[in-house]
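> Here it is: the structure, laid out below.
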Amino acid sequence: MEYLIIAIAVVIVLAVAVGFLLRPSRRRPSGAPPSPPGPAGQADSAGTAGSAGTAGEAGTVAGLGTATLPPAVPGPAPAETEVPPPLAGRMARLRGRLARSQTGFGSVLLGLLSRPGLDEQGWEQIEDTLLAADLGVGPAHQLMTELRTQVKVEGVSGGDSVRALLQSDLIEAIGADIDRSLHLGPHGDRPAVVLVVGVNGTGKTTACGKLARALIGDGQSVLLGAADTFRAAAADQLETWGNRVGARVVRADREDADPASVAFEAVAEGIDGRVDTVIVDTAGRLHTKTGLMDELGKIKRVIEKRATVDEVLLVLDATTGQNGLRQARVFAEAVDITGIILTKLDGTAKGGIVVAVQRELGVPVKLVGLGEGPDDLAAFEPATFVDAILGD
Ligand code: GDP
């Protein structure tokens, strides 16, 4: 009987204890955000600082209308730990990627110029080769005239001297002494800002990611701004790059948000987080030229309220030839370009577009894309390029 009473008592105690434990909880579920500290509706700071420093705040940017920015992407831990090589010198390492160019106009020119007793028809073929390589009418004609004069005056003969002549003339046409340096790195407590523009599909987002990776490898902190708000996929792609390379990404939380607002927020966070360089990816829709001009102009003006735009880099697909040049012109009208990133140079046997686009825009090719890998972006070096297209 005693045992029965003790057993009943134990059951009652257990029931009370279980009831206590299962009572409705007032605590928030794990993972839910804490109550806002400020007035109702005020957004929380969220995310942790990666290389970019402080986390962002959700909110709208005054005067810019509608873009509601999420608390940015949490600072990622870089997934890739190996240090990428510096941008300078990469072109020599990747010269094999210019293999298609080696079978292209450089070697055709060498063959034609080496012909004994080069006649008028031969010179016409040389000019046609230069034009077909996308050099442009003016530069092709100029190069031809120089070659003709030199062959006549110096009486060049033999493979080596022809090669040396072509090499020096091509390097001169490309411009050996042009300043191709990227003006990056912070100004006091302000980050450098790079605006990346160009038609969709040229390799803009990829270039932003590769550049961020190279700069981070060089010891800089980088923040990426996804101001192509028209395609969620573009922001997702940039975010993937950010996670890969250890750069924080500021993006809008819905399509069609104001791109200038995102750019402004990215720069503001870059300043707060004492980031070295902010790279802003933009949309490249060409079908509304006026809209594009308004948009890029506005993005630049808005950024300049907080920082200096150090570089406006136009991304151009080397395989698009004259069509690419037309696009370049439209962008140059919309915003002052400071340099060109010529992508997909690994996919063309032409390469003369380097000369044509520089002539067209009056700004240097600073970087070239030589493949889809994370380190396939190189500082453009004319001598290495010409060496590669003429073959060793
Ligand atoms: P965006 O629309 O201008 O941002 O273009 P993306 O960055 O999405 O690139 C479009 C495609 O081009 C992707 O498949 C890239 O991998 C590819 N791409 C970019 N740069 C290069 C390059 O230098 N060489 C090659 N072969 N492909 C590239």
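So you can find residues: chains in the structure tokens are A, B, ... in the order shown, residues in each start at 1, and ligands are numbered from 1 in order.
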Taking only C-alpha atoms and all ligand atoms into account, report as an NGL selection string which residues have an atom no farther than 10 Å from an atom of ligand 1.
:A and (97 or 196-210 or 228 or 231 or 233-235 or 237-238 or 281-285 or 315-319 or 341-348 or 367-378)
> DSSP on the backbone: which residues in segment 190-307 of chain A end up as helix (DSSP H, G or I)? Give the answer as a PDB file with N, CA and C atoms, in the first residue's frame.

```pdb
ATOM      1  N   LYS A 204      30.188  41.681 -67.430  1.00  0.00           N
ATOM      2  CA  LYS A 204      30.298  42.733 -66.409  1.00  0.00           C
ATOM      3  C   LYS A 204      30.370  42.158 -64.992  1.00  0.00           C
ATOM      4  N   THR A 205      29.385  41.348 -64.663  1.00  0.00           N
ATOM      5  CA  THR A 205      29.311  40.827 -63.294  1.00  0.00           C
ATOM      6  C   THR A 205      30.521  39.952 -62.991  1.00  0.00           C
ATOM      7  N   THR A 206      30.884  39.145 -63.976  1.00  0.00           N
ATOM      8  CA  THR A 206      32.058  38.294 -63.812  1.00  0.00           C
ATOM      9  C   THR A 206      33.303  39.159 -63.572  1.00  0.00           C
ATOM     10  N   ALA A 207      33.401  40.254 -64.326  1.00  0.00           N
ATOM     11  CA  ALA A 207      34.564  41.142 -64.180  1.00  0.00           C
ATOM     12  C   ALA A 207      34.585  41.756 -62.773  1.00  0.00           C
ATOM     13  N   CYS A 208      33.401  42.139 -62.257  1.00  0.00           N
ATOM     14  CA  CYS A 208      33.339  42.703 -60.895  1.00  0.00           C
ATOM     15  C   CYS A 208      33.874  41.678 -59.890  1.00  0.00           C
ATOM     16  N   GLY A 209      33.430  40.430 -60.033  1.00  0.00           N
ATOM     17  CA  GLY A 209      33.858  39.373 -59.113  1.00  0.00           C
ATOM     18  C   GLY A 209      35.347  39.113 -59.208  1.00  0.00           C
ATOM     19  N   LYS A 210      35.846  39.027 -60.436  1.00  0.00           N
ATOM     20  CA  LYS A 210      37.276  38.743 -60.624  1.00  0.00           C
ATOM     21  C   LYS A 210      38.137  39.885 -60.083  1.00  0.00           C
ATOM     22  N   LEU A 211      37.664  41.116 -60.314  1.00  0.00           N
ATOM     23  CA  LEU A 211      38.425  42.277 -59.843  1.00  0.00           C
ATOM     24  C   LEU A 211      38.436  42.300 -58.315  1.00  0.00           C
ATOM     25  N   ALA A 212      37.271  42.028 -57.721  1.00  0.00           N
ATOM     26  CA  ALA A 212      37.188  41.990 -56.252  1.00  0.00           C
ATOM     27  C   ALA A 212      38.161  40.960 -55.709  1.00  0.00           C
ATOM     28  N   ARG A 213      38.175  39.804 -56.332  1.00  0.00           N
ATOM     29  CA  ARG A 213      39.074  38.728 -55.875  1.00  0.00           C
ATOM     30  C   ARG A 213      40.537  39.165 -55.954  1.00  0.00           C
ATOM     31  N   ALA A 214      40.890  39.816 -57.065  1.00  0.00           N
ATOM     32  CA  ALA A 214      42.285  40.244 -57.223  1.00  0.00           C
ATOM     33  C   ALA A 214      42.647  41.286 -56.161  1.00  0.00           C
ATOM     34  N   LEU A 215      41.737  42.227 -55.907  1.00  0.00           N
ATOM     35  CA  LEU A 215      42.034  43.282 -54.934  1.00  0.00           C
ATOM     36  C   LEU A 215      42.127  42.712 -53.524  1.00  0.00           C
ATOM     37  N   ILE A 216      41.229  41.800 -53.210  1.00  0.00           N
ATOM     38  CA  ILE A 216      41.263  41.178 -51.878  1.00  0.00           C
ATOM     39  C   ILE A 216      42.560  40.385 -51.719  1.00  0.00           C
ATOM     40  N   GLY A 217      42.953  39.709 -52.784  1.00  0.00           N
ATOM     41  CA  GLY A 217      44.220  38.968 -52.767  1.00  0.00           C
ATOM     42  C   GLY A 217      45.400  39.894 -52.525  1.00  0.00           C
ATOM     43  N   ALA A 232      17.153  39.943 -61.068  1.00  0.00           N
ATOM     44  CA  ALA A 232      17.512  39.366 -59.767  1.00  0.00           C
ATOM     45  C   ALA A 232      18.698  38.434 -59.950  1.00  0.00           C
ATOM     46  N   ALA A 233      18.752  37.785 -61.108  1.00  0.00           N
ATOM     47  CA  ALA A 233      19.832  36.822 -61.357  1.00  0.00           C
ATOM     48  C   ALA A 233      21.198  37.508 -61.315  1.00  0.00           C
ATOM     49  N   ALA A 234      21.236  38.769 -61.748  1.00  0.00           N
ATOM     50  CA  ALA A 234      22.513  39.493 -61.754  1.00  0.00           C
ATOM     51  C   ALA A 234      22.990  39.710 -60.316  1.00  0.00           C
ATOM     52  N   ALA A 235      22.058  40.097 -59.446  1.00  0.00           N
ATOM     53  CA  ALA A 235      22.421  40.314 -58.037  1.00  0.00           C
ATOM     54  C   ALA A 235      22.812  38.983 -57.385  1.00  0.00           C
ATOM     55  N   ASP A 236      22.092  37.923 -57.740  1.00  0.00           N
ATOM     56  CA  ASP A 236      22.422  36.590 -57.189  1.00  0.00           C
ATOM     57  C   ASP A 236      23.836  36.192 -57.601  1.00  0.00           C
ATOM     58  N   GLN A 237      24.139  36.464 -58.867  1.00  0.00           N
ATOM     59  CA  GLN A 237      25.460  36.099 -59.402  1.00  0.00           C
ATOM     60  C   GLN A 237      26.566  36.882 -58.680  1.00  0.00           C
ATOM     61  N   LEU A 238      26.286  38.163 -58.440  1.00  0.00           N
ATOM     62  CA  LEU A 238      27.274  38.989 -57.748  1.00  0.00           C
ATOM     63  C   LEU A 238      27.453  38.496 -56.306  1.00  0.00           C
ATOM     64  N   GLU A 239      26.332  38.097 -55.715  1.00  0.00           N
ATOM     65  CA  GLU A 239      26.367  37.598 -54.347  1.00  0.00           C
ATOM     66  C   GLU A 239      27.198  36.313 -54.264  1.00  0.00           C
ATOM     67  N   THR A 240      27.056  35.481 -55.273  1.00  0.00           N
ATOM     68  CA  THR A 240      27.847  34.247 -55.313  1.00  0.00           C
ATOM     69  C   THR A 240      29.338  34.589 -55.360  1.00  0.00           C
ATOM     70  N   TRP A 241      29.670  35.577 -56.183  1.00  0.00           N
ATOM     71  CA  TRP A 241      31.068  36.022 -56.252  1.00  0.00           C
ATOM     72  C   TRP A 241      31.518  36.564 -54.897  1.00  0.00           C
ATOM     73  N   GLY A 242      30.634  37.381 -54.297  1.00  0.00           N
ATOM     74  CA  GLY A 242      30.963  37.974 -52.993  1.00  0.00           C
ATOM     75  C   GLY A 242      31.284  36.890 -51.970  1.00  0.00           C
ATOM     76  N   ASN A 243      30.440  35.857 -51.946  1.00  0.00           N
ATOM     77  CA  ASN A 243      30.662  34.761 -51.000  1.00  0.00           C
ATOM     78  C   ASN A 243      31.954  34.015 -51.300  1.00  0.00           C
ATOM     79  N   ARG A 244      32.237  33.884 -52.562  1.00  0.00           N
ATOM     80  CA  ARG A 244      33.429  33.157 -52.982  1.00  0.00           C
ATOM     81  C   ARG A 244      34.705  33.876 -52.575  1.00  0.00           C
ATOM     82  N   VAL A 245      34.683  35.198 -52.747  1.00  0.00           N
ATOM     83  CA  VAL A 245      35.942  35.928 -52.570  1.00  0.00           C
ATOM     84  C   VAL A 245      36.046  36.651 -51.233  1.00  0.00           C
ATOM     85  N   PRO A 259      18.302  51.761 -58.934  1.00  0.00           N
ATOM     86  CA  PRO A 259      19.721  51.370 -58.933  1.00  0.00           C
ATOM     87  C   PRO A 259      20.604  52.404 -58.238  1.00  0.00           C
ATOM     88  N   ALA A 260      20.266  53.696 -58.394  1.00  0.00           N
ATOM     89  CA  ALA A 260      21.083  54.740 -57.768  1.00  0.00           C
ATOM     90  C   ALA A 260      21.027  54.612 -56.250  1.00  0.00           C
ATOM     91  N   SER A 261      19.876  54.192 -55.766  1.00  0.00           N
ATOM     92  CA  SER A 261      19.708  54.025 -54.328  1.00  0.00           C
ATOM     93  C   SER A 261      20.612  52.918 -53.797  1.00  0.00           C
ATOM     94  N   VAL A 262      20.691  51.830 -54.557  1.00  0.00           N
ATOM     95  CA  VAL A 262      21.546  50.711 -54.150  1.00  0.00           C
ATOM     96  C   VAL A 262      23.012  51.156 -54.181  1.00  0.00           C
ATOM     97  N   ALA A 263      23.378  51.891 -55.236  1.00  0.00           N
ATOM     98  CA  ALA A 263      24.763  52.363 -55.361  1.00  0.00           C
ATOM     99  C   ALA A 263      25.103  53.276 -54.187  1.00  0.00           C
ATOM    100  N   PHE A 264      24.164  54.162 -53.850  1.00  0.00           N
ATOM    101  CA  PHE A 264      24.385  55.097 -52.743  1.00  0.00           C
ATOM    102  C   PHE A 264      24.590  54.328 -51.438  1.00  0.00           C
ATOM    103  N   GLU A 265      23.720  53.356 -51.231  1.00  0.00           N
ATOM    104  CA  GLU A 265      23.798  52.574 -49.993  1.00  0.00           C
ATOM    105  C   GLU A 265      25.107  51.782 -49.912  1.00  0.00           C
ATOM    106  N   ALA A 266      25.525  51.253 -51.053  1.00  0.00           N
ATOM    107  CA  ALA A 266      26.787  50.487 -51.079  1.00  0.00           C
ATOM    108  C   ALA A 266      27.951  51.395 -50.686  1.00  0.00           C
ATOM    109  N   VAL A 267      27.961  52.592 -51.236  1.00  0.00           N
ATOM    110  CA  VAL A 267      29.055  53.520 -50.935  1.00  0.00           C
ATOM    111  C   VAL A 267      28.972  53.972 -49.469  1.00  0.00           C
ATOM    112  N   ALA A 268      27.746  54.244 -49.016  1.00  0.00           N
ATOM    113  CA  ALA A 268      27.575  54.658 -47.612  1.00  0.00           C
ATOM    114  C   ALA A 268      28.095  53.566 -46.677  1.00  0.00           C
ATOM    115  N   GLU A 269      27.774  52.322 -46.990  1.00  0.00           N
ATOM    116  CA  GLU A 269      28.269  51.217 -46.152  1.00  0.00           C
ATOM    117  C   GLU A 269      29.775  51.063 -46.277  1.00  0.00           C
ATOM    118  N   GLY A 270      30.274  51.326 -47.477  1.00  0.00           N
ATOM    119  CA  GLY A 270      31.716  51.261 -47.685  1.00  0.00           C
ATOM    120  C   GLY A 270      32.435  52.275 -46.815  1.00  0.00           C
ATOM    121  N   ILE A 271      31.825  53.458 -46.699  1.00  0.00           N
ATOM    122  CA  ILE A 271      32.431  54.514 -45.866  1.00  0.00           C
ATOM    123  C   ILE A 271      32.361  54.099 -44.399  1.00  0.00           C
ATOM    124  N   ASP A 272      31.166  53.678 -43.967  1.00  0.00           N
ATOM    125  CA  ASP A 272      30.997  53.275 -42.559  1.00  0.00           C
ATOM    126  C   ASP A 272      31.929  52.119 -42.193  1.00  0.00           C
ATOM    127  N   LYS A 289      17.932  54.013 -74.847  1.00  0.00           N
ATOM    128  CA  LYS A 289      19.173  54.766 -74.732  1.00  0.00           C
ATOM    129  C   LYS A 289      19.039  55.931 -73.742  1.00  0.00           C
ATOM    130  N   THR A 290      17.930  56.659 -73.857  1.00  0.00           N
ATOM    131  CA  THR A 290      17.747  57.805 -72.970  1.00  0.00           C
ATOM    132  C   THR A 290      17.686  57.335 -71.523  1.00  0.00           C
ATOM    133  N   GLY A 291      16.941  56.231 -71.307  1.00  0.00           N
ATOM    134  CA  GLY A 291      16.822  55.690 -69.947  1.00  0.00           C
ATOM    135  C   GLY A 291      18.180  55.313 -69.404  1.00  0.00           C
ATOM    136  N   LEU A 292      18.991  54.707 -70.244  1.00  0.00           N
ATOM    137  CA  LEU A 292      20.319  54.269 -69.821  1.00  0.00           C
ATOM    138  C   LEU A 292      21.174  55.466 -69.401  1.00  0.00           C
ATOM    139  N   MET A 293      21.121  56.511 -70.240  1.00  0.00           N
ATOM    140  CA  MET A 293      21.918  57.703 -69.944  1.00  0.00           C
ATOM    141  C   MET A 293      21.473  58.317 -68.629  1.00  0.00           C
ATOM    142  N   ASP A 294      20.149  58.450 -68.487  1.00  0.00           N
ATOM    143  CA  ASP A 294      19.620  59.046 -67.252  1.00  0.00           C
ATOM    144  C   ASP A 294      20.075  58.241 -66.047  1.00  0.00           C
ATOM    145  N   GLU A 295      19.965  56.922 -66.201  1.00  0.00           N
ATOM    146  CA  GLU A 295      20.232  56.039 -65.077  1.00  0.00           C
ATOM    147  C   GLU A 295      21.707  56.069 -64.664  1.00  0.00           C
ATOM    148  N   LEU A 296      22.590  55.929 -65.640  1.00  0.00           N
ATOM    149  CA  LEU A 296      24.022  55.917 -65.296  1.00  0.00           C
ATOM    150  C   LEU A 296      24.463  57.267 -64.754  1.00  0.00           C
ATOM    151  N   GLY A 297      23.952  58.330 -65.380  1.00  0.00           N
ATOM    152  CA  GLY A 297      24.282  59.677 -64.907  1.00  0.00           C
ATOM    153  C   GLY A 297      23.828  59.852 -63.469  1.00  0.00           C
ATOM    154  N   LYS A 298      22.636  59.369 -63.189  1.00  0.00           N
ATOM    155  CA  LYS A 298      22.079  59.525 -61.840  1.00  0.00           C
ATOM    156  C   LYS A 298      22.877  58.719 -60.821  1.00  0.00           C
ATOM    157  N   ILE A 299      23.238  57.502 -61.194  1.00  0.00           N
ATOM    158  CA  ILE A 299      24.032  56.662 -60.281  1.00  0.00           C
ATOM    159  C   ILE A 299      25.328  57.387 -59.909  1.00  0.00           C
ATOM    160  N   LYS A 300      25.977  57.951 -60.913  1.00  0.00           N
ATOM    161  CA  LYS A 300      27.260  58.625 -60.668  1.00  0.00           C
ATOM    162  C   LYS A 300      27.057  59.862 -59.786  1.00  0.00           C
ATOM    163  N   ARG A 301      26.052  60.637 -60.135  1.00  0.00           N
ATOM    164  CA  ARG A 301      25.802  61.866 -59.347  1.00  0.00           C
ATOM    165  C   ARG A 301      25.501  61.531 -57.890  1.00  0.00           C
ATOM    166  N   VAL A 302      24.700  60.500 -57.708  1.00  0.00           N
ATOM    167  CA  VAL A 302      24.281  60.138 -56.358  1.00  0.00           C
ATOM    168  C   VAL A 302      25.473  59.628 -55.532  1.00  0.00           C
ATOM    169  N   ILE A 303      26.319  58.825 -56.165  1.00  0.00           N
ATOM    170  CA  ILE A 303      27.520  58.341 -55.451  1.00  0.00           C
ATOM    171  C   ILE A 303      28.385  59.525 -55.052  1.00  0.00           C
TER     172      ILE A 303
END
```
> Counting only C-alpha atoms, figure out which residue out of A:Ile279, A:Leu223, A:Leu131, A:Val193 gets nearest to Met144 of chain A.
A:Leu131
> Return the single residue from A:Leu98, A:Ala227, A:Val222, A:Val355 that is closest to Leu143 of chain A, with distances computed using only C-alpha atoms.
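The shortest atom-to-atom distance to Leu143 of chain A comes from A:Val355.
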> Going by DSSP on the backbone, which residues of segment 175-332 of chain A come out as strand (DSSP E or B)? List them as an MDAnalysis selection string.
chainID A and resid 187 190 192:197 222:227 248:251 277:282 309:317
> Would you compute the distance between atom CA of Ala88 of chain A and atom CA of Leu130 of chain A? Give it in Å to one decimal.
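Computed distance, atom CA of Ala88 of chain A to atom CA of Leu130 of chain A, equals 28.0 Å.
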> For a quick check of understanding, using only C-alpha atoms, which of A:Ile389, A:Val335, A:Ala252, A:Ile174 has the smallest distance to Leu110 of chain A?
A:Ile389
> May I ask which of the residues A:Leu182, A:Leu135, A:Gly324, A:Gly391 is the closest one to Val108 of chain A, counting only C-alpha atoms?
A:Gly391
> List the neighbours of segment 384-388 of chain A out to 7 Å using only C-alpha atoms; skip same-chain residues closer than 3 positions along the sequence, and give me the result as a list in words.
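Counting only the stated atoms, we get Met91, Ala92, Arg95, Leu98, Gln102, Gln167, Leu170, Ile171, Glu381, Gly391 and Asp392 of chain A.
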> Can I get the selection written as a PDB file, in the first residue's frame, with N, CA and C atoms?

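What follows is the written file result24.pdb:
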```
ATOM      1  N   MET A  91      48.978  38.462 -67.695  1.00  0.00           N
ATOM      2  CA  MET A  91      48.782  38.296 -69.126  1.00  0.00           C
ATOM      3  C   MET A  91      49.835  37.340 -69.720  1.00  0.00           C
ATOM      4  N   ALA A  92      51.052  37.457 -69.228  1.00  0.00           N
ATOM      5  CA  ALA A  92      52.109  36.570 -69.725  1.00  0.00           C
ATOM      6  C   ALA A  92      51.782  35.125 -69.354  1.00  0.00           C
ATOM      7  N   ARG A  95      49.056  33.781 -71.626  1.00  0.00           N
ATOM      8  CA  ARG A  95      49.202  34.039 -73.064  1.00  0.00           C
ATOM      9  C   ARG A  95      48.755  32.859 -73.922  1.00  0.00           C
ATOM     10  N   LEU A  98      45.555  33.166 -75.628  1.00  0.00           N
ATOM     11  CA  LEU A  98      45.484  33.934 -76.865  1.00  0.00           C
ATOM     12  C   LEU A  98      45.872  33.060 -78.058  1.00  0.00           C
ATOM     13  N   GLN A 102      46.926  33.642 -82.050  1.00  0.00           N
ATOM     14  CA  GLN A 102      48.183  33.268 -82.705  1.00  0.00           C
ATOM     15  C   GLN A 102      47.953  32.701 -84.103  1.00  0.00           C
ATOM     16  N   GLN A 167      56.201  43.963 -84.901  1.00  0.00           N
ATOM     17  CA  GLN A 167      56.059  44.032 -83.439  1.00  0.00           C
ATOM     18  C   GLN A 167      56.078  45.483 -82.962  1.00  0.00           C
ATOM     19  N   LEU A 170      52.932  47.420 -84.202  1.00  0.00           N
ATOM     20  CA  LEU A 170      51.687  47.038 -83.512  1.00  0.00           C
ATOM     21  C   LEU A 170      51.672  47.584 -82.086  1.00  0.00           C
ATOM     22  N   ILE A 171      52.814  47.496 -81.419  1.00  0.00           N
ATOM     23  CA  ILE A 171      52.878  48.027 -80.050  1.00  0.00           C
ATOM     24  C   ILE A 171      52.612  49.530 -80.071  1.00  0.00           C
ATOM     25  N   GLU A 381      48.806  44.313 -71.071  1.00  0.00           N
ATOM     26  CA  GLU A 381      50.198  44.693 -71.356  1.00  0.00           C
ATOM     27  C   GLU A 381      50.452  44.555 -72.856  1.00  0.00           C
ATOM     28  N   GLY A 391      53.230  35.197 -82.079  1.00  0.00           N
ATOM     29  CA  GLY A 391      53.814  33.887 -81.799  1.00  0.00           C
ATOM     30  C   GLY A 391      55.319  34.031 -81.584  1.00  0.00           C
ATOM     31  N   ASP A 392      55.858  33.189 -80.733  1.00  0.00           N
ATOM     32  CA  ASP A 392      57.312  33.308 -80.444  1.00  0.00           C
ATOM     33  C   ASP A 392      58.164  32.675 -81.530  1.00  0.00           C
TER      34      ASP A 392
END
```
> For Val280 of chain A, which of A:Ala192, A:Val330, A:Val365, A:Ala349 is the closest residue, counting only C-alpha atoms?
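For Val280 of chain A, the nearest of the given residues is A:Ala192.
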> Measure the distance from atom CA of Leu195 of chain A to atom CA of Val312 of chain A in Å and round it to one decimal.
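Atom CA of Leu195 of chain A sits 4.7 Å away from atom CA of Val312 of chain A.
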> Quick one: pull the distance between atom CA of Asp177 of chain A and atom CA of Gly362 of chain A, Å, one decimal.
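Between atom CA of Asp177 of chain A and atom CA of Gly362 of chain A the gap is 13.9 Å.
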> Counting only C-alpha atoms, which residue out of A:Val275, A:Ala257, A:Arg180, A:Leu165 sits closest to Leu224 of chain A?
A:Val275
